[in-house]
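Source file: model16.csv (CSV, C-alpha atoms (C1' of nucleotides))
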```csv
chain,number,residue,atom,x,y,z
A,921,MET,CA,62.4,-27.7,97.9
A,922,SER,CA,60.3,-25.0,96.3
A,923,LYS,CA,61.2,-21.4,96.1
A,924,SER,CA,59.6,-19.0,98.6
A,925,PRO,CA,57.0,-16.8,97.1
A,926,SER,CA,57.1,-13.0,97.4
A,927,ARG,CA,54.6,-11.1,99.6
A,928,GLU,CA,53.2,-9.7,96.3
A,929,ASP,CA,52.5,-13.2,95.0
A,930,VAL,CA,50.9,-14.3,98.2
A,931,ALA,CA,48.8,-11.2,98.4
A,932,ARG,CA,47.5,-11.8,94.9
A,933,ARG,CA,46.7,-15.5,95.6
A,934,VAL,CA,45.0,-14.8,98.9
A,935,HIS,CA,42.9,-12.1,97.3
A,936,SER,CA,41.8,-14.3,94.5
A,937,VAL,CA,40.9,-17.1,96.9
A,938,ALA,CA,38.9,-14.9,99.2
A,939,LEU,CA,37.0,-13.5,96.2
A,940,HIS,CA,36.0,-16.9,94.8
A,941,LEU,CA,35.3,-18.3,98.3
A,942,MET,CA,32.8,-15.5,99.0
A,943,ARG,CA,31.1,-16.2,95.6
A,944,TYR,CA,31.0,-19.9,96.5
A,945,VAL,CA,29.2,-19.5,99.8
A,946,ARG,CA,26.9,-16.7,98.9
A,947,SER,CA,25.1,-18.9,96.4
A,948,GLN,CA,23.4,-20.5,99.4
A,949,ASP,CA,21.8,-17.3,100.7
A,950,THR,CA,19.2,-16.9,98.0
A,951,ALA,CA,17.2,-19.9,99.5
A,952,LEU,CA,16.5,-17.8,102.6
A,953,GLY,CA,14.7,-15.1,100.7
A,954,VAL,CA,16.5,-12.3,102.6
A,955,PRO,CA,18.7,-9.9,100.6
A,956,PRO,CA,22.4,-10.0,101.2
A,957,ALA,CA,22.8,-6.6,103.0
A,958,GLN,CA,19.9,-7.4,105.3
A,959,LEU,CA,21.3,-10.8,106.0
A,960,SER,CA,24.6,-9.4,106.9
A,961,ALA,CA,23.1,-6.9,109.3
A,962,LEU,CA,20.8,-9.5,110.8
A,963,SER,CA,23.9,-11.6,111.5
A,964,VAL,CA,25.5,-8.8,113.5
A,965,ILE,CA,22.2,-8.3,115.5
A,966,VAL,CA,21.7,-12.0,116.2
A,967,PHE,CA,25.2,-13.0,117.1
A,968,GLY,CA,26.3,-9.7,118.5
A,969,GLY,CA,23.2,-9.0,120.6
A,970,LYS,CA,21.3,-5.7,120.8
A,971,THR,CA,23.0,-2.7,119.2
A,972,SER,CA,22.2,0.9,118.2
A,973,LEU,CA,21.8,1.8,114.5
A,974,SER,CA,25.0,3.7,114.3
A,975,ASP,CA,27.1,1.0,115.8
A,976,LEU,CA,25.6,-1.4,113.4
A,977,ALA,CA,26.4,1.0,110.5
A,978,LYS,CA,30.0,1.2,111.7
A,979,ALA,CA,30.2,-2.6,112.0
A,980,GLU,CA,28.9,-3.0,108.5
A,981,GLN,CA,31.0,-0.2,107.1
A,982,VAL,CA,28.0,1.6,105.8
A,983,ARG,CA,26.5,5.1,106.3
A,984,PRO,CA,23.6,5.6,108.7
A,985,PRO,CA,21.0,6.3,106.0
A,986,THR,CA,21.9,3.1,104.3
A,987,MET,CA,21.6,1.1,107.6
A,988,SER,CA,18.3,2.9,108.4
A,989,ARG,CA,16.8,1.5,105.2
A,990,ILE,CA,18.3,-2.0,105.6
A,991,ILE,CA,16.6,-2.1,109.0
A,992,ASP,CA,13.4,-0.9,107.4
A,993,GLY,CA,13.5,-4.1,105.3
A,994,LEU,CA,14.2,-6.3,108.3
A,995,VAL,CA,11.4,-4.8,110.4
A,996,ARG,CA,9.0,-5.1,107.4
A,997,SER,CA,9.8,-8.8,107.2
A,998,GLY,CA,9.4,-9.2,110.9
A,999,LEU,CA,13.0,-10.3,111.6
A,1000,VAL,CA,14.0,-7.3,113.8
A,1001,THR,CA,12.3,-4.9,116.2
A,1002,ARG,CA,13.1,-1.2,116.4
A,1003,GLU,CA,12.7,0.6,119.8
A,1004,THR,CA,14.0,3.8,121.2
A,1005,ASP,CA,16.4,3.6,124.2
A,1006,LYS,CA,14.9,4.8,127.5
A,1007,ARG,CA,18.1,6.5,128.7
A,1008,ASP,CA,19.0,8.3,125.5
A,1009,ARG,CA,16.0,8.8,123.3
A,1010,ARG,CA,18.1,9.5,120.3
A,1011,LEU,CA,19.2,5.9,120.1
A,1012,VAL,CA,17.4,3.2,118.2
A,1013,ILE,CA,17.9,-0.3,119.7
A,1014,LEU,CA,17.6,-3.2,117.4
A,1015,THR,CA,16.6,-6.7,118.6
A,1016,ALA,CA,16.2,-9.8,116.5
A,1017,THR,CA,12.8,-11.5,116.7
A,1018,ASP,CA,12.5,-15.3,117.1
A,1019,LYS,CA,11.8,-15.5,113.4
A,1020,GLY,CA,14.9,-13.5,112.7
A,1021,THR,CA,17.0,-15.6,115.0
A,1022,ARG,CA,15.7,-18.8,113.4
A,1023,ILE,CA,16.4,-17.7,109.9
A,1024,MET,CA,19.9,-16.5,110.8
A,1025,HIS,CA,20.8,-19.8,112.3
A,1026,GLU,CA,19.5,-21.6,109.2
A,1027,GLY,CA,21.6,-19.4,107.0
A,1028,ARG,CA,24.7,-19.9,109.0
A,1029,SER,CA,24.2,-23.6,109.0
A,1030,ARG,CA,23.7,-23.6,105.2
A,1031,ARG,CA,26.9,-21.6,104.5
A,1032,GLU,CA,28.9,-23.8,106.9
A,1033,LYS,CA,27.6,-27.0,105.3
A,1034,ARG,CA,28.7,-25.6,101.9
A,1035,LEU,CA,32.1,-24.8,103.2
A,1036,VAL,CA,32.4,-28.1,105.0
A,1037,ASP,CA,31.6,-29.8,101.6
A,1038,LEU,CA,34.5,-27.8,100.1
A,1039,LEU,CA,36.9,-28.9,102.9
A,1040,GLN,CA,35.7,-32.5,102.8
A,1041,PRO,CA,38.5,-33.9,100.5
A,1042,LEU,CA,41.2,-32.4,102.7
A,1043,VAL,CA,43.4,-34.4,105.0
A,1044,ARG,CA,44.0,-33.6,108.7
A,1045,GLU,CA,47.3,-31.7,108.0
A,1046,GLU,CA,45.6,-29.5,105.4
A,1047,ILE,CA,42.7,-28.6,107.7
A,1048,ASP,CA,45.2,-27.7,110.5
A,1049,LEU,CA,47.1,-25.6,108.0
A,1050,LEU,CA,44.0,-23.7,107.0
A,1051,ASP,CA,43.2,-23.1,110.6
A,1052,ARG,CA,46.6,-21.6,111.3
A,1053,ALA,CA,46.4,-19.5,108.2
A,1054,SER,CA,43.0,-18.1,109.2
A,1055,ASP,CA,44.4,-17.2,112.6
A,1056,ILE,CA,47.3,-15.3,111.1
A,1057,LEU,CA,45.1,-13.3,108.8
A,1058,ALA,CA,42.4,-12.7,111.4
A,1059,LYS,CA,45.1,-11.3,113.8
A,1060,GLU,CA,46.4,-8.9,111.2
A,1061,LEU,CA,43.0,-7.8,110.1
A,1062,ARG,CA,42.1,-7.0,113.8
A,1063,THR,CA,45.1,-4.7,114.1
A,1064,TRP,CA,44.0,-2.7,111.0
A,1065,THR,CA,40.3,-2.4,111.7
A,1066,HIS,CA,40.5,-1.4,115.4
B,966,MET,CA,50.2,-29.3,121.6
B,967,SER,CA,46.8,-27.8,120.8
B,968,LYS,CA,43.7,-29.8,119.9
B,969,SER,CA,42.9,-30.2,116.2
B,970,PRO,CA,39.9,-28.1,115.2
B,971,SER,CA,36.9,-29.6,113.5
B,972,ARG,CA,36.1,-29.0,109.8
B,973,GLU,CA,33.1,-26.9,111.0
B,974,ASP,CA,35.4,-24.7,113.1
B,975,VAL,CA,37.8,-24.1,110.3
B,976,ALA,CA,34.9,-23.5,107.8
B,977,ARG,CA,33.6,-20.8,110.2
B,978,ARG,CA,37.0,-19.1,110.6
B,979,VAL,CA,37.9,-19.3,106.9
B,980,HIS,CA,34.5,-17.7,106.0
B,981,SER,CA,34.9,-14.9,108.5
B,982,VAL,CA,38.5,-14.1,107.4
B,983,ALA,CA,37.5,-14.1,103.7
B,984,LEU,CA,34.6,-11.7,104.5
B,985,HIS,CA,36.8,-9.2,106.3
B,986,LEU,CA,39.6,-9.5,103.8
B,987,MET,CA,37.3,-8.5,101.0
B,988,ARG,CA,36.0,-5.5,102.9
B,989,TYR,CA,39.6,-4.5,103.7
B,990,VAL,CA,40.8,-4.5,100.1
B,991,ARG,CA,37.6,-3.1,98.6
B,992,SER,CA,38.0,0.1,100.5
B,993,GLN,CA,40.7,1.1,98.0
B,994,ASP,CA,38.5,0.9,95.0
B,995,THR,CA,36.5,4.0,95.7
B,996,ALA,CA,39.5,6.1,94.8
B,997,LEU,CA,39.2,4.9,91.2
B,998,GLY,CA,35.7,6.3,90.7
B,999,VAL,CA,34.5,3.1,89.1
B,1000,PRO,CA,31.7,1.2,90.8
B,1001,PRO,CA,32.4,-2.3,92.1
B,1002,ALA,CA,30.5,-4.4,89.6
B,1003,GLN,CA,31.9,-2.4,86.7
B,1004,LEU,CA,35.4,-2.7,88.1
B,1005,SER,CA,35.1,-6.5,88.5
B,1006,ALA,CA,33.9,-6.8,84.9
B,1007,LEU,CA,36.6,-4.6,83.6
B,1008,SER,CA,39.1,-6.8,85.4
B,1009,VAL,CA,37.9,-9.8,83.4
B,1010,ILE,CA,38.0,-7.9,80.2
B,1011,VAL,CA,41.5,-6.5,80.8
B,1012,PHE,CA,43.2,-9.6,82.1
B,1013,GLY,CA,41.2,-12.2,80.3
B,1014,GLY,CA,41.3,-10.4,76.9
B,1015,LYS,CA,38.3,-9.9,74.5
B,1016,THR,CA,35.1,-11.7,75.4
B,1017,SER,CA,31.4,-11.8,74.5
B,1018,LEU,CA,28.8,-10.4,76.8
B,1019,SER,CA,27.4,-13.8,77.7
B,1020,ASP,CA,30.7,-15.3,78.6
B,1021,LEU,CA,31.4,-12.3,80.8
B,1022,ALA,CA,28.0,-12.7,82.4
B,1023,LYS,CA,28.8,-16.3,83.2
B,1024,ALA,CA,32.2,-15.4,84.6
B,1025,GLU,CA,30.7,-12.8,86.8
B,1026,GLN,CA,27.8,-15.0,87.8
B,1027,VAL,CA,25.3,-12.4,86.7
B,1028,ARG,CA,22.3,-12.5,84.2
B,1029,PRO,CA,22.8,-11.1,80.7
B,1030,PRO,CA,20.6,-8.0,81.2
B,1031,THR,CA,22.6,-7.1,84.3
B,1032,MET,CA,25.9,-7.4,82.4
B,1033,SER,CA,24.5,-5.4,79.5
B,1034,ARG,CA,23.9,-2.5,81.8
B,1035,ILE,CA,27.3,-2.9,83.6
B,1036,ILE,CA,28.8,-2.6,80.1
B,1037,ASP,CA,26.7,0.5,79.4
B,1038,GLY,CA,28.4,2.2,82.3
B,1039,LEU,CA,31.9,1.1,81.2
B,1040,VAL,CA,31.3,2.3,77.6
B,1041,ARG,CA,29.8,5.6,78.9
B,1042,SER,CA,33.0,6.1,80.9
B,1043,GLY,CA,35.2,5.3,77.9
B,1044,LEU,CA,36.8,2.2,79.5
B,1045,VAL,CA,35.5,-0.4,77.1
B,1046,THR,CA,34.3,-0.6,73.5
B,1047,ARG,CA,31.4,-2.6,72.3
B,1048,GLU,CA,31.4,-4.1,68.7
B,1049,THR,CA,29.5,-6.8,67.0
B,1050,ASP,CA,31.4,-9.9,65.8
B,1051,LYS,CA,31.9,-10.2,62.1
B,1052,ARG,CA,31.4,-14.0,62.0
B,1053,ASP,CA,28.3,-14.1,64.2
B,1054,ARG,CA,26.5,-10.8,64.3
B,1055,ARG,CA,24.6,-11.7,67.4
B,1056,LEU,CA,27.7,-11.6,69.5
B,1057,VAL,CA,29.0,-8.4,71.2
B,1058,ILE,CA,32.7,-8.3,71.6
B,1059,LEU,CA,34.1,-6.2,74.5
B,1060,THR,CA,37.5,-4.7,74.4
B,1061,ALA,CA,39.2,-2.6,77.0
B,1062,THR,CA,40.4,0.9,75.9
B,1063,ASP,CA,43.8,2.3,76.9
B,1064,LYS,CA,42.1,4.3,79.6
B,1065,GLY,CA,40.3,1.2,80.8
B,1066,THR,CA,43.6,-0.8,80.9
B,1067,ARG,CA,45.4,2.0,82.7
B,1068,ILE,CA,42.7,2.3,85.4
B,1069,MET,CA,42.6,-1.5,85.9
B,1070,HIS,CA,46.3,-1.8,86.5
B,1071,GLU,CA,46.1,1.1,88.9
B,1072,GLY,CA,43.3,-0.6,90.8
B,1073,ARG,CA,45.1,-3.9,90.9
B,1074,SER,CA,48.2,-2.2,92.2
B,1075,ARG,CA,46.3,-0.4,94.9
B,1076,ARG,CA,44.6,-3.6,96.1
B,1077,GLU,CA,47.9,-5.4,96.1
B,1078,LYS,CA,49.7,-2.7,98.0
B,1079,ARG,CA,46.9,-2.7,100.6
B,1080,LEU,CA,47.3,-6.5,101.0
B,1081,VAL,CA,51.1,-6.3,101.1
B,1082,ASP,CA,50.7,-3.8,103.9
B,1083,LEU,CA,48.6,-6.3,105.8
B,1084,LEU,CA,51.1,-9.0,105.3
B,1085,GLN,CA,54.1,-6.8,106.2
B,1086,PRO,CA,54.4,-7.8,109.9
B,1087,LEU,CA,54.5,-11.5,109.0
B,1088,VAL,CA,57.6,-13.6,109.1
B,1089,ARG,CA,58.8,-15.9,106.3
B,1090,GLU,CA,57.2,-19.0,107.7
B,1091,GLU,CA,53.8,-17.3,108.0
B,1092,ILE,CA,54.0,-16.1,104.4
B,1093,ASP,CA,54.8,-19.6,103.2
B,1094,LEU,CA,52.0,-21.0,105.3
B,1095,LEU,CA,49.5,-18.5,103.7
B,1096,ASP,CA,50.8,-19.5,100.3
B,1097,ARG,CA,50.2,-23.1,100.9
B,1098,ALA,CA,46.8,-22.5,102.4
B,1099,SER,CA,45.8,-20.4,99.3
B,1100,ASP,CA,46.9,-23.2,97.0
B,1101,ILE,CA,44.8,-25.8,98.9
B,1102,LEU,CA,41.7,-23.7,98.8
B,1103,ALA,CA,42.2,-22.6,95.2
B,1104,LYS,CA,42.5,-26.3,94.2
B,1105,GLU,CA,39.2,-27.2,95.9
B,1106,LEU,CA,37.4,-24.2,94.5
B,1107,ARG,CA,38.4,-25.2,91.0
B,1108,THR,CA,36.9,-28.6,91.3
B,1109,TRP,CA,33.6,-27.1,92.4
B,1110,THR,CA,33.3,-24.3,89.9
B,1111,HIS,CA,34.4,-26.2,86.8
C,804,DT,C1',15.2,-23.5,50.5
C,805,DC,C1',12.2,-22.0,53.7
C,806,DT,C1',10.4,-22.2,58.1
C,807,DG,C1',10.6,-22.7,62.9
C,808,DA,C1',13.6,-23.3,67.0
C,809,DA,C1',17.5,-21.8,69.5
C,810,DT,C1',20.8,-18.2,70.8
C,811,DA,C1',22.6,-13.3,71.9
C,812,DG,C1',21.6,-9.2,73.5
C,813,DT,C1',18.6,-5.3,74.8
C,814,DT,C1',14.6,-2.9,76.9
C,815,DA,C1',11.3,-2.3,80.5
C,816,DG,C1',9.9,-2.6,85.1
C,817,DC,C1',10.8,-3.9,89.8
C,818,DA,C1',13.5,-4.3,94.3
C,819,DT,C1',17.7,-3.7,97.0
C,820,DA,C1',21.5,-1.0,98.4
C,821,DA,C1',25.0,2.6,98.3
C,822,DC,C1',26.0,7.6,98.6
C,823,DT,C1',25.3,13.0,100.0
C,824,DA,C1',22.6,16.7,101.7
C,825,DA,C1',19.3,18.4,104.6
C,826,DC,C1',16.3,18.1,108.5
C,827,DG,C1',14.2,17.2,113.3
C,828,DG,C1',14.7,15.6,117.9
C,829,DT,C1',17.7,14.8,122.0
C,830,DT,C1',21.5,15.4,124.9
C,831,DA,C1',25.5,17.6,126.7
C,832,DG,C1',28.6,21.5,127.7
C,833,DT,C1',29.5,26.2,128.9
D,205,DA,C1',19.5,28.8,128.8
D,206,DC,C1',21.9,28.4,124.5
D,207,DT,C1',24.6,26.4,121.6
D,208,DA,C1',27.0,22.6,119.8
D,209,DA,C1',27.2,17.9,119.0
D,210,DC,C1',25.0,13.6,118.1
D,211,DC,C1',21.4,10.1,116.3
D,212,DG,C1',18.4,8.8,113.1
D,213,DT,C1',15.2,9.6,109.1
D,214,DT,C1',13.8,11.6,104.7
D,215,DA,C1',14.6,12.9,100.0
D,216,DG,C1',16.9,12.3,95.8
D,217,DT,C1',20.5,10.0,92.8
D,218,DT,C1',23.2,6.2,91.0
D,219,DA,C1',24.3,1.3,90.6
D,220,DT,C1',23.2,-3.4,90.6
D,221,DG,C1',20.4,-7.5,90.8
D,222,DC,C1',16.3,-10.1,88.9
D,223,DT,C1',12.3,-11.7,85.4
D,224,DA,C1',9.6,-11.1,81.3
D,225,DA,C1',9.2,-9.8,76.8
D,226,DC,C1',11.2,-8.3,72.6
D,227,DT,C1',14.5,-7.9,68.3
D,228,DA,C1',17.9,-9.7,65.5
D,229,DT,C1',20.6,-13.4,64.0
D,230,DT,C1',21.9,-18.1,63.2
D,231,DC,C1',21.0,-23.0,62.8
D,232,DA,C1',18.6,-27.3,61.7
D,233,DG,C1',15.4,-30.1,59.4
D,234,DA,C1',11.6,-31.1,56.3
```
Is it possible to give me this structure as structure tokens?
Amino acid sequence: MSKSPSREDVARRVHSVALHLMRYVRSQDTALGVPPAQLSALSVIVFGGKTSLSDLAKAEQVRPPTMSRIIDGLVRSGLVTRETDKRDRRLVILTATDKGTRIMHEGRSRREKRLVDLLQPLVREEIDLLDRASDILAKELRTWTH
Amino acid sequence: MSKSPSREDVARRVHSVALHLMRYVRSQDTALGVPPAQLSALSVIVFGGKTSLSDLAKAEQVRPPTMSRIIDGLVRSGLVTRETDKRDRRLVILTATDKGTRIMHEGRSRREKRLVDLLQPLVREEIDLLDRASDILAKELRTWTH
DNA sequence: TCTGAATAGTTAGCATAACTAACGGTTAGT
DNA sequence: ACTAACCGTTAGTTATGCTAACTATTCAGA
């Protein structure tokens, strides 16, 4: 029977693991030729559907000017289209192109493969445990971000 | 009894949680007035002790020229000192100043507090579960990075 | 021992990405 | 109709990533 760890200990470990995990999966993204911030924004556009620029900026926790230039890059690469909303002409509506959608799915697939490789040696019980741990953290993160 | 999730599902959830968790804790770092890459490098110098520039670059998964400039910033802010090794005069030895050490500990404490806040509502069993999950992932990450 | 290869770090030049401040165009409220 | 609020862009600064090319130092072999 091992001693129960303190919240501080667990916080430290969870933080360290999250940090290294992100480094581990991000190494796959360079193959796509799309810079990280653009890739992240594209992901929201593809999987979240059409959005305005401000909403996207909020979702990515970035200021509007920053998002404006990220979109510049995506439009220049033909991955996203920019159009003004008919109802409210102040709004900019972003839509992923076919090319953008294709690249995003490829990227997602690459990252997932990489993570699945990592989880490969784990047994059923460990996989289930990771799933429950993810759920717990996801639930708490939702209460803090919304 | 709920159905066991596939490795792909778990990979997706773990990835998503790690992503949001990093965003959540990083929001605390702006208060320190030290940019993210510099903070990360400083962390290695403070907690890992003296290192050469190349070793630091490897640890941070960055090219030497990039690390050289990150160190420029840390030296300019008086958080780190640069000196050439006596034995091998090609090497640059980085050491954290008192100010650098102080700031690093403050940053670590802020991040941990933030994470402890997140974990606050969780019960004992959930904390233990997160601890085991961290251990599992940490172990797998070690086999892939070393 | 001397000469050439390898290693460590820096400099220069480029692209991406973050910020604030300031601005123009659009909509909404009184 | 006027004013305030809102949305997005432009301009300018700083930070961070890369490759290529360079200097200085060390090492290895003839």
Contacts of segment 980-995 of chain A within 7 Å, only C-alpha atoms (C1' of nucleotides), excl. fewer than 4 positions in-chain, as an mmCIF file with C-alpha atoms (C1' of nucleotides), in the coordinates of the input:
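Just written: result.cif:
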```cif
data_model
loop_
_atom_site.group_PDB
_atom_site.id
_atom_site.type_symbol
_atom_site.label_atom_id
_atom_site.label_comp_id
_atom_site.auth_asym_id
_atom_site.auth_seq_id
_atom_site.Cartn_x
_atom_site.Cartn_y
_atom_site.Cartn_z
ATOM 1 C CA ALA A 957 22.800 -6.600 103.000
ATOM 2 C CA GLN A 958 19.900 -7.400 105.300
ATOM 3 C CA LEU A 973 21.800 1.800 114.500
ATOM 4 C CA SER A 974 25.000 3.700 114.300
ATOM 5 C CA LEU A 976 25.600 -1.400 113.400
ATOM 6 C CA LEU A 999 13.000 -10.300 111.600
ATOM 7 C CA VAL A 1000 14.000 -7.300 113.800
ATOM 8 C CA THR A 1001 12.300 -4.900 116.200
ATOM 9 C "C1'" DA C 821 25.000 2.600 98.300
#
```
Taking all atoms listed in the file into account, report as a list of chain:residue names which residues of chain B lie within 6 Å of chain A. B:Val975, B:Ala976, B:Val979, B:Val982, B:Ala983, B:Leu1080, B:Leu1095, B:Asp1096, B:Ala1098, B:Ser1099, B:Ala1103
Using all atoms listed in the file, find all polymer residues with an atom at most 12 Å away from the point (6.0, -31.3, 53.1); report them as a PyMOL selection string. (chain C and resi 805-806) or (chain D and resi 233-234)
Atoms kept (C-alpha atoms (C1' of nucleotides)) for selection, written as an mmCIF file, in the coordinates of the input:
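That gives us again.cif:
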```cif
data_model
loop_
_atom_site.group_PDB
_atom_site.id
_atom_site.type_symbol
_atom_site.label_atom_id
_atom_site.label_comp_id
_atom_site.auth_asym_id
_atom_site.auth_seq_id
_atom_site.Cartn_x
_atom_site.Cartn_y
_atom_site.Cartn_z
ATOM 1 C "C1'" DC C 805 12.200 -22.000 53.700
ATOM 2 C "C1'" DT C 806 10.400 -22.200 58.100
ATOM 3 C "C1'" DG D 233 15.400 -30.100 59.400
ATOM 4 C "C1'" DA D 234 11.600 -31.100 56.300
#
```
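For the pair atom CA of Arg1009 of chain A and atom C1' of DT214 of chain D, the interatomic distance is 18.9 Å.
The gap separating atom CA of Leu1014 of chain A from atom CA of Ser972 of chain A is 6.2 Å, in Å to one decimal.
For the set A:Asp1008, A:Asp1018, A:Asp975, A:Glu1026, the residue with the smallest atom-to-atom gap to chain C is A:Asp1008, counting all atoms listed in the file.
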